[in-house]
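Note: the block below is entry-v3.cif and it holds mmCIF, C-alpha atoms.
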data_final
#
loop_
_atom_site.label_atom_id
_atom_site.label_comp_id
_atom_site.auth_asym_id
_atom_site.auth_seq_id
_atom_site.Cartn_x
_atom_site.Cartn_y
_atom_site.Cartn_z
CA MET A 1 7.88 14.88 -18.35
CA ALA A 2 5.00 17.11 -17.32
CA PHE A 3 2.74 15.68 -20.03
CA LEU A 4 2.95 12.15 -18.61
CA PRO A 5 0.12 11.15 -16.25
CA VAL A 6 1.77 11.01 -12.84
CA TYR A 7 -0.51 10.16 -9.96
CA PRO A 8 0.29 10.84 -6.31
CA ALA A 9 1.43 7.79 -4.38
CA VAL A 10 -1.90 7.20 -2.67
CA GLY A 11 -3.98 10.16 -3.79
CA PRO A 12 -5.05 12.92 -1.46
CA ARG A 13 -4.57 11.43 1.98
CA LYS A 14 -7.48 11.59 4.39
CA PRO A 15 -7.32 10.61 8.05
CA GLY A 16 -9.34 7.45 7.40
CA GLY A 17 -8.31 6.88 3.81
CA GLY A 18 -10.60 6.58 0.78
CA PRO A 19 -11.83 3.37 -0.91
CA ASN A 20 -8.49 2.88 -2.66
CA GLU A 21 -6.28 4.83 -0.31
CA ALA A 22 -4.25 4.01 2.73
CA PRO A 23 -4.67 6.09 5.92
CA ALA A 24 -2.36 9.04 6.33
CA LYS A 25 -0.26 7.16 8.89
CA ALA A 26 -0.38 3.64 7.50
CA THR A 27 1.68 0.54 8.06
CA LEU A 28 3.05 -1.40 5.10
CA ASP A 29 0.29 -3.99 5.51
CA GLN A 30 -2.37 -1.30 5.39
CA ILE A 31 -0.86 0.25 2.27
CA GLU A 32 -0.71 -3.13 0.51
CA ALA A 33 -4.30 -3.92 1.51
CA ALA A 34 -5.49 -0.57 0.10
CA TYR A 35 -3.79 -1.11 -3.25
CA ARG A 36 -4.90 -4.74 -3.59
CA LYS A 37 -8.59 -3.89 -3.58
CA PRO A 38 -10.34 -4.77 -6.86
CA GLY A 39 -10.91 -1.93 -9.28
CA ARG A 40 -9.04 0.64 -11.40
CA SER A 41 -7.97 -1.96 -14.01
CA THR A 42 -8.68 -1.26 -17.69
CA ILE A 43 -11.09 -4.21 -17.97
CA ALA A 44 -12.99 -3.08 -14.87
CA ARG A 45 -13.26 0.44 -16.28
CA LEU A 46 -14.53 -0.84 -19.65
CA PHE A 47 -16.91 -3.59 -18.53
CA GLY A 48 -17.52 -2.80 -14.88
CA VAL A 49 -15.94 -6.04 -13.65
CA ASP A 50 -12.61 -7.84 -14.06
CA PRO A 51 -12.93 -11.54 -13.09
CA PHE A 52 -9.17 -11.91 -12.65
CA ASP A 53 -8.60 -8.73 -10.66
CA PHE A 54 -6.78 -10.31 -7.72
CA TRP A 55 -3.30 -10.98 -6.38
CA VAL A 56 -1.50 -14.26 -5.70
CA GLY A 57 1.12 -13.48 -3.09
CA PRO A 58 3.12 -10.51 -4.41
CA PHE A 59 1.99 -11.09 -8.03
CA TYR A 60 -0.92 -9.31 -9.67
CA ILE A 61 -3.00 -11.51 -11.99
CA GLY A 62 -5.60 -9.55 -13.95
CA THR A 63 -7.23 -10.41 -17.26
CA TRP A 64 -4.29 -9.16 -19.32
CA THR A 65 -1.94 -11.49 -17.48
CA ILE A 66 -4.12 -14.42 -18.56
CA VAL A 67 -4.15 -13.16 -22.16
CA SER A 68 -0.37 -12.72 -22.14
CA MET A 69 0.31 -16.14 -20.63
CA LEU A 70 -2.02 -17.86 -23.11
CA GLY A 71 -0.19 -16.20 -26.00
CA ALA A 72 3.18 -17.21 -24.57
CA MET A 73 2.11 -20.82 -24.01
CA VAL A 74 0.71 -21.16 -27.55
CA GLY A 75 3.88 -19.68 -29.03
CA VAL A 76 6.17 -21.93 -26.99
CA PHE A 77 4.05 -24.99 -27.83
CA LEU A 78 4.29 -24.30 -31.57
CA TYR A 79 8.01 -23.60 -31.32
CA PHE A 80 8.75 -26.87 -29.56
CA THR A 81 6.45 -28.72 -31.94
CA VAL A 82 8.72 -27.72 -34.83
CA MET A 83 11.78 -28.61 -32.79
CA ALA A 84 10.41 -32.08 -32.03
CA TYR A 85 8.80 -32.94 -35.38
CA GLY A 86 10.35 -30.56 -37.88
CA GLU A 87 8.50 -28.71 -40.63
CA PRO A 88 8.42 -30.79 -43.85
CA ALA A 89 7.00 -27.92 -45.91
CA ALA A 90 10.14 -25.89 -45.14
CA ASN A 91 12.52 -28.89 -45.31
CA ILE A 92 13.35 -28.45 -41.62
CA PRO A 93 14.15 -31.75 -39.86
CA PRO A 94 13.61 -32.26 -36.12
CA ASN A 95 16.20 -30.36 -34.13
CA LEU A 96 16.24 -30.47 -30.32
CA ASN A 97 19.12 -28.00 -30.08
CA ILE A 98 17.37 -24.82 -28.97
CA ILE A 99 20.37 -22.70 -30.00
CA SER A 100 20.23 -23.67 -33.68
CA ALA A 101 16.51 -24.52 -34.02
CA LYS A 102 14.65 -22.26 -36.44
CA ILE A 103 11.15 -21.39 -37.58
CA ILE A 104 11.12 -20.31 -41.23
CA GLU A 105 8.99 -17.43 -42.49
CA PRO A 106 6.66 -17.92 -45.53
CA PRO A 107 8.12 -17.63 -49.06
CA ILE A 108 8.37 -14.04 -50.29
CA GLU A 109 6.39 -14.89 -53.41
CA ASN A 110 3.36 -15.82 -51.27
CA GLY A 111 2.89 -12.17 -50.35
CA LEU A 112 0.59 -11.43 -47.43
CA ALA A 113 -1.48 -14.61 -47.77
CA ILE A 114 -1.94 -16.38 -44.44
CA PRO A 115 -0.22 -19.80 -44.70
CA GLY A 116 -2.40 -22.80 -44.00
CA PRO A 117 -1.50 -26.07 -42.24
CA GLY A 118 1.17 -27.98 -44.14
CA GLN A 119 2.43 -24.83 -45.90
CA ARG A 120 5.82 -23.27 -45.28
CA GLY A 121 5.56 -20.46 -42.75
CA PHE A 122 2.44 -21.80 -41.03
CA TYR A 123 4.20 -22.20 -37.70
CA TRP A 124 6.11 -18.92 -38.14
CA PHE A 125 2.96 -16.90 -38.74
CA TRP A 126 1.04 -18.23 -35.76
CA ILE A 127 4.06 -17.98 -33.47
CA VAL A 128 4.27 -14.32 -34.48
CA VAL A 129 0.56 -13.88 -33.70
CA ALA A 130 0.97 -15.65 -30.34
CA GLY A 131 4.09 -13.66 -29.49
CA THR A 132 2.41 -10.37 -30.35
CA THR A 133 -0.55 -11.33 -28.15
CA ALA A 134 1.81 -12.14 -25.27
CA PHE A 135 3.75 -8.88 -25.61
CA LEU A 136 0.70 -6.64 -25.92
CA GLY A 137 -1.05 -8.47 -23.09
CA TRP A 138 1.94 -7.87 -20.81
CA PHE A 139 2.01 -4.21 -21.87
CA MET A 140 -1.64 -3.85 -20.82
CA ARG A 141 -0.88 -5.68 -17.56
CA GLU A 142 1.77 -3.06 -16.76
CA ILE A 143 -0.76 -0.31 -17.44
CA ASP A 144 -3.20 -1.99 -15.05
CA ILE A 145 -0.59 -2.23 -12.30
CA SER A 146 0.39 1.41 -12.81
CA LEU A 147 -3.24 2.49 -12.55
CA LYS A 148 -3.91 0.36 -9.48
CA LEU A 149 -0.82 1.68 -7.70
CA ARG A 150 -1.56 5.25 -8.83
CA MET A 151 1.81 5.46 -10.58
CA GLY A 152 2.76 7.24 -13.77
CA LEU A 153 2.85 5.22 -16.98
CA HIS A 154 6.63 5.40 -17.43
CA VAL A 155 7.22 1.65 -17.07
CA PRO A 156 4.62 0.53 -19.67
CA ILE A 157 5.75 3.32 -22.01
CA CYS A 158 9.34 2.07 -21.90
CA TYR A 159 8.22 -1.53 -22.31
CA SER A 160 6.06 -0.57 -25.28
CA LEU A 161 9.17 0.59 -27.11
CA ALA A 162 10.62 -2.92 -26.93
CA VAL A 163 7.31 -4.26 -28.25
CA SER A 164 7.40 -1.69 -31.05
CA ALA A 165 10.65 -3.22 -32.33
CA TRP A 166 8.96 -6.64 -32.65
CA ILE A 167 5.93 -5.10 -34.37
CA THR A 168 8.15 -3.14 -36.76
CA LEU A 169 10.16 -6.22 -37.73
CA GLN A 170 7.38 -8.78 -37.93
CA TRP A 171 4.36 -6.70 -38.95
CA LEU A 172 4.96 -3.18 -40.26
CA ARG A 173 7.96 -3.83 -42.51
CA PRO A 174 6.63 -7.08 -44.03
CA ILE A 175 3.24 -5.42 -44.71
CA TRP A 176 4.95 -2.38 -46.27
CA MET A 177 7.11 -4.67 -48.45
CA GLY A 178 4.10 -6.79 -49.38
CA SER A 179 5.14 -10.17 -47.99
CA TRP A 180 5.40 -11.98 -44.67
CA GLY A 181 8.60 -13.47 -46.06
CA HIS A 182 10.41 -10.27 -45.14
CA GLY A 183 9.93 -10.96 -41.42
CA PHE A 184 12.88 -12.37 -39.51
CA THR A 185 13.51 -16.06 -38.98
CA ILE A 186 12.60 -17.12 -35.44
CA GLY A 187 15.42 -18.79 -33.51
CA ILE A 188 18.62 -17.77 -31.74
CA ILE A 189 21.38 -18.43 -34.28
CA PRO A 190 19.02 -18.20 -37.31
CA HIS A 191 17.87 -14.76 -36.17
CA LEU A 192 21.48 -13.57 -35.92
CA ASP A 193 22.10 -14.92 -39.42
CA TRP A 194 19.04 -13.02 -40.65
CA VAL A 195 20.33 -9.77 -39.14
CA SER A 196 23.72 -10.25 -40.80
CA ASN A 197 22.16 -11.09 -44.17
CA VAL A 198 19.88 -8.03 -44.07
CA GLY A 199 22.90 -5.83 -43.38
CA TYR A 200 24.60 -7.15 -46.52
CA ALA A 201 21.40 -7.09 -48.59
CA TYR A 202 21.34 -3.30 -48.51
CA ASN A 203 25.07 -2.99 -49.20
CA ASN A 204 26.46 -1.66 -45.94
CA PHE A 205 24.53 -0.92 -42.77
CA TYR A 206 27.38 1.23 -41.49
CA TYR A 207 26.14 3.81 -43.99
CA ASN A 208 22.64 3.64 -42.52
CA PRO A 209 22.33 6.92 -40.54
CA PHE A 210 19.59 5.55 -38.31
CA HIS A 211 21.82 2.58 -37.46
CA ALA A 212 24.62 4.96 -36.47
CA LEU A 213 22.32 7.18 -34.40
CA ALA A 214 20.77 4.17 -32.67
CA VAL A 215 24.19 2.75 -31.74
CA ALA A 216 25.21 6.17 -30.41
CA GLY A 217 21.97 6.29 -28.44
CA TYR A 218 22.51 2.87 -26.86
CA TYR A 219 26.06 3.70 -25.83
CA GLY A 220 25.19 7.24 -24.77
CA THR A 221 22.21 6.27 -22.62
CA THR A 222 24.21 3.47 -21.02
CA MET A 223 27.10 5.84 -20.31
CA PHE A 224 24.88 8.47 -18.67
CA LEU A 225 23.16 5.92 -16.45
CA ALA A 226 26.50 4.28 -15.61
CA LEU A 227 27.79 7.69 -14.51
CA HIS A 228 24.68 8.07 -12.39
CA GLY A 229 25.23 4.63 -10.85
CA ALA A 230 28.81 5.56 -10.00
CA GLN A 231 27.52 8.78 -8.46
CA ILE A 232 25.09 6.88 -6.22
CA LEU A 233 27.84 4.52 -5.02
CA SER A 234 30.19 7.39 -4.26
CA ALA A 235 27.45 9.38 -2.49
CA ALA A 236 26.85 6.43 -0.18
CA TYR A 237 30.17 7.22 1.48
CA LEU A 238 29.35 10.90 1.95
CA GLY A 239 27.45 12.60 4.74
CA SER A 240 24.16 14.46 4.79
CA ASP A 241 25.39 17.00 2.22
CA SER A 242 26.04 14.29 -0.40
CA VAL A 243 23.51 15.68 -2.91
CA GLU A 244 25.06 19.13 -2.93
CA ARG A 245 28.59 17.73 -3.18
CA VAL A 246 27.68 15.40 -6.05
CA ASP A 247 25.90 18.18 -7.95
CA GLN A 248 28.91 20.44 -7.47
CA PHE A 249 31.20 17.70 -8.83
CA TRP A 250 29.26 17.54 -12.12
CA TRP A 251 29.17 21.29 -12.40
CA ASP A 252 32.94 21.45 -11.88
CA THR A 253 33.64 18.51 -14.22
CA LEU A 254 31.13 18.97 -17.06
CA GLY A 255 29.89 22.50 -16.51
CA TYR A 256 26.37 21.14 -16.07
CA GLY A 257 24.49 19.08 -13.50
CA ALA A 258 21.27 17.33 -14.50
CA GLY A 259 20.20 16.60 -10.95
CA GLU A 260 18.51 13.52 -9.55
CA LEU A 261 15.32 13.85 -11.60
CA GLY A 262 17.16 15.13 -14.65
CA ILE A 263 19.44 12.10 -15.08
CA HIS A 264 16.48 9.74 -14.97
CA THR A 265 14.66 11.95 -17.47
CA ILE A 266 17.68 11.76 -19.78
CA GLY A 267 17.74 7.98 -19.44
CA PHE A 268 13.97 7.72 -20.04
CA TYR A 269 13.87 9.79 -23.21
CA GLY A 270 17.26 8.54 -24.38
CA ALA A 271 16.00 4.96 -24.32
CA ILE A 272 12.78 5.90 -26.13
CA VAL A 273 14.53 7.81 -28.93
CA THR A 274 17.16 5.10 -29.32
CA VAL A 275 14.63 2.32 -29.90
CA LEU A 276 12.62 4.48 -32.31
CA LEU A 277 15.80 5.13 -34.32
CA SER A 278 16.47 1.39 -34.36
CA ASN A 279 12.99 0.82 -35.75
CA LEU A 280 13.59 3.36 -38.53
CA CYS A 281 16.94 1.74 -39.27
CA ILE A 282 15.29 -1.49 -40.42
CA LEU A 283 11.89 -0.07 -41.46
CA PHE A 284 13.40 2.10 -44.22
CA SER A 285 15.67 -0.72 -45.49
CA GLY A 286 14.03 -2.30 -48.51
CA THR A 287 11.06 0.09 -48.41
CA LEU A 288 12.52 3.54 -49.10
CA VAL A 289 16.22 2.74 -49.38
CA PHE A 290 17.70 -0.23 -51.25
CA ASP A 291 21.39 0.72 -51.04
CA TRP A 292 22.63 2.69 -48.05
CA VAL A 293 25.95 3.51 -49.73
CA GLU A 294 24.18 4.94 -52.77
CA PHE A 295 21.84 6.80 -50.40
CA TRP A 296 24.67 9.22 -49.60
CA ASN A 297 25.12 10.26 -53.23
CA PHE A 298 22.88 13.22 -52.44
CA TRP A 299 25.68 14.68 -50.31
CA PRO A 300 28.07 15.77 -53.13
CA THR A 301 25.30 16.39 -55.67
CA GLY A 302 22.62 17.87 -53.44
CA GLU A 303 20.01 15.70 -55.13
CA PHE A 304 18.08 12.67 -53.79
#

Rewritten as structure tokens:
Amino acid sequence: MAFLPVYPAVGPRKPGGGPNEAPAKATLDQIEAAYRKPGRSTIARLFGVDPFDFWVGPFYIGTWTIVSMLGAMVGVFLYFTVMAYGEPAANIPPNLNIISAKIIEPPIENGLAIPGPGQRGFYWFWIVVAGTTAFLGWFMREIDISLKLRMGLHVPICYSLAVSAWITLQWLRPIWMGSWGHGFTIGIIPHLDWVSNVGYAYNNFYYNPFHALAVAGYYGTTMFLALHGAQILSAAYLGSDSVERVDQFWWDTLGYGAGELGIHTIGFYGAIVTVLLSNLCILFSGTLVFDWVEFWNFWPTGEF
């Protein structure tokens, strides 16, 4: 992970501390006061000032928090509007059951035209816009916090992978296929139905190699981190030589010991690769591959 920007905890410590640094021998209150000073946010760096660069109790606000919360509130408002009043253009009656409520995407034949008020998919499209704004705003908020605390960017990088799945499903794939109608239906049960239907639409998702690799990645990453969690619990009962004894256990059992930093590195990159494989699983379905069973015909013939 050497290429990732990792900042020291409080920068080079000086006896008195710098403008955004705590003194070398600082109390917790002094450390918090040093980090809560305005500055170092992305907005402040771009425009010289960030009007929302302050904390409320233990929570950082910042401009990106406001952007994210506005996006979330607009999306939730539109969602509950459809629940309360229905969407006549999509023949959706009012439905106050949040489990089965659904927001329908535009018709496929409408292509990439932005639906207007009263047209099917109007609420879907603007909920997607609001949701994307909320997710990207929160991603930028995490970057701001990392910069202010002089941390590496590992947390926002991991979060961005979750956002990339949403963008792949609701933006990249529909644009590639030429219609917003290829986005997924918004709702709990309706979304699960959409996932099932897409799996059948391309014959059999079990033949999708990216699906298989992504599932292996989810299980594998979870297993490695579960082993690490078990190691931490067992080490709690050991004495001062617990690290050496735990490392020796893995060497004796597996023939290899990743070490404390290594196991977190495996989890970090394992999660990243797994989500990217999941994105490819759906992105290539209907764009490059239309039948995942037929896709494997190249194996006996050697021809695509």

Problem set entry | Nearest to Leu283 in chain A, chosen from A:Gln30, A:Ser164, A:Thr65, A:Asn197, with all atoms listed in the file counted in the distances |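 That would be A:Ser164, the residue with the smallest distance to Leu283 in chain A.
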
Exercise. Which of these, A:Thr253, A:Thr81, A:Thr132, A:Ser68, has the shortest distance to Asn95 in chain A once you count all atoms listed in the file?
Worked result: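 Residue with the minimum atom-to-atom distance to Asn95 in chain A: A:Thr81.
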
Exercise. Counting all atoms listed in the file, which of A:Val293, A:Val215, A:Leu149, A:Leu169 gets nearest to Ile31 in chain A?
Worked result: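 The closest residue to Ile31 in chain A is A:Leu149.
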
Problem set entry | Selection: 10 Å around Gly39 in chain A, all atoms listed in the file, excl. self and same-chain fewer than 6 positions, as a ChimeraX atom specification | /A:19-20,45,48-50,53-54,144,147-148

Problem set entry | Close residues, Leu280 in chain A itself excluded, 9 Å, all atoms listed in the file, min 6 positions apart in chain, as a VMD selection string | chain A and resid 168 210 to 211

Problem set entry | Å distance separating CA of Phe205 in chain A from CA of Ile189 in chain A, one decimal place |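 Separating CA of Phe205 in chain A from CA of Ile189 in chain A is a distance of 19.7 Å.
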
Exercise. Near Tyr206 in chain A, within 12 Å and counting only C-alpha atoms, which residues show up once chain neighbours fewer than 5 positions away are dropped, as a ChimeraX atom specification?
Worked result: /A:199-200,211-215,281,291-293,295-296

For this session: Go through the shown structure with the PyMOL selection byres ((chain A and resi 110-127) around 6) and write out the matching residues as a ChimeraX atom specification.
Result: /A:75,89-90,103-109,128-131,178-180

Exercise. What is the CA of Ala235 in chain A-CA of Trp251 in chain A distance in Å, reported with one decimal?
Worked result: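 Distance reported for this atom pair: 15.6 Å.
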
Exercise. A:Phe135, A:Phe284, A:Trp194, A:Phe290: which is nearest Val163 in chain A, counting all atoms listed in the file?
Worked result: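 Checking each of A:Phe135, A:Phe284, A:Trp194, A:Phe290 against Val163 in chain A, counting all atoms listed in the file, the winner is A:Phe135.
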
For this session: List the neighbours of range 139-141 of chain A out to 10 Å using all atoms listed in the file; skip same-chain residues closer than 6 positions along the sequence, and give me the result as an NGL selection string.
Result: :A and (41-43 or 60-68 or 133 or 147 or 155-160 or 163)

For this session: Calculate how many Å separate CA of Ser146 in chain A from CA of Met223 in chain A, rounding to one decimal.
Result: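 The value is 28.1 Å.
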
Around all the atoms of range 263-279 of chain A listed in the file, with 5 Å of room on each side, what axis-aligned box do you get, giving centre and edge lengths in Å to one decimal, as lines of an AutoDock Vina configuration file?
center_x = 16.0
center_y = 6.5
center_z = -25.4
size_x = 16.8
size_y = 21.3
size_z = 30.8

For this session: Please write the residues picked by the PyMOL selection byres ((chain A and resi 258-265) around 12) on this file as a ChimeraX atom specification.
Result: /A:1-2,4,154,221-229,231-232,242-251,254-257,266-272

For this session: Would you write out, as a list in words, every residue that the PyMOL selection byres ((chain A and resi 100) around 10) captures in this file?
Result: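 Here the PyMOL selection byres ((chain A and resi 100) around 10) matches Met83, Asn95, Leu96, Asn97, Ile98, Ile99, Ala101, Lys102, Gly187, Ile188, Ile189, Pro190 and His191 of chain A.
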
Can you spit out the residues from that selection as a PDB file, keeping the file's coordinate frame, using C-alpha atoms?
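Output below, filename out-v4.pdb:
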ATOM      1  CA  MET A  83      11.780 -28.610 -32.790  1.00  0.00           C
ATOM      2  CA  ASN A  95      16.200 -30.360 -34.130  1.00  0.00           C
ATOM      3  CA  LEU A  96      16.240 -30.470 -30.320  1.00  0.00           C
ATOM      4  CA  ASN A  97      19.120 -28.000 -30.080  1.00  0.00           C
ATOM      5  CA  ILE A  98      17.370 -24.820 -28.970  1.00  0.00           C
ATOM      6  CA  ILE A  99      20.370 -22.700 -30.000  1.00  0.00           C
ATOM      7  CA  ALA A 101      16.510 -24.520 -34.020  1.00  0.00           C
ATOM      8  CA  LYS A 102      14.650 -22.260 -36.440  1.00  0.00           C
ATOM      9  CA  GLY A 187      15.420 -18.790 -33.510  1.00  0.00           C
ATOM     10  CA  ILE A 188      18.620 -17.770 -31.740  1.00  0.00           C
ATOM     11  CA  ILE A 189      21.380 -18.430 -34.280  1.00  0.00           C
ATOM     12  CA  PRO A 190      19.020 -18.200 -37.310  1.00  0.00           C
ATOM     13  CA  HIS A 191      17.870 -14.760 -36.170  1.00  0.00           C
TER      14      HIS A 191
END

Problem set entry | Residue nearest Pro38 in chain A - candidates A:Asn203, A:Pro94, A:Ile145, A:Ala84, atoms counted: all atoms listed in the file |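 Among the listed residues, the smallest separation from Pro38 in chain A belongs to A:Ile145.
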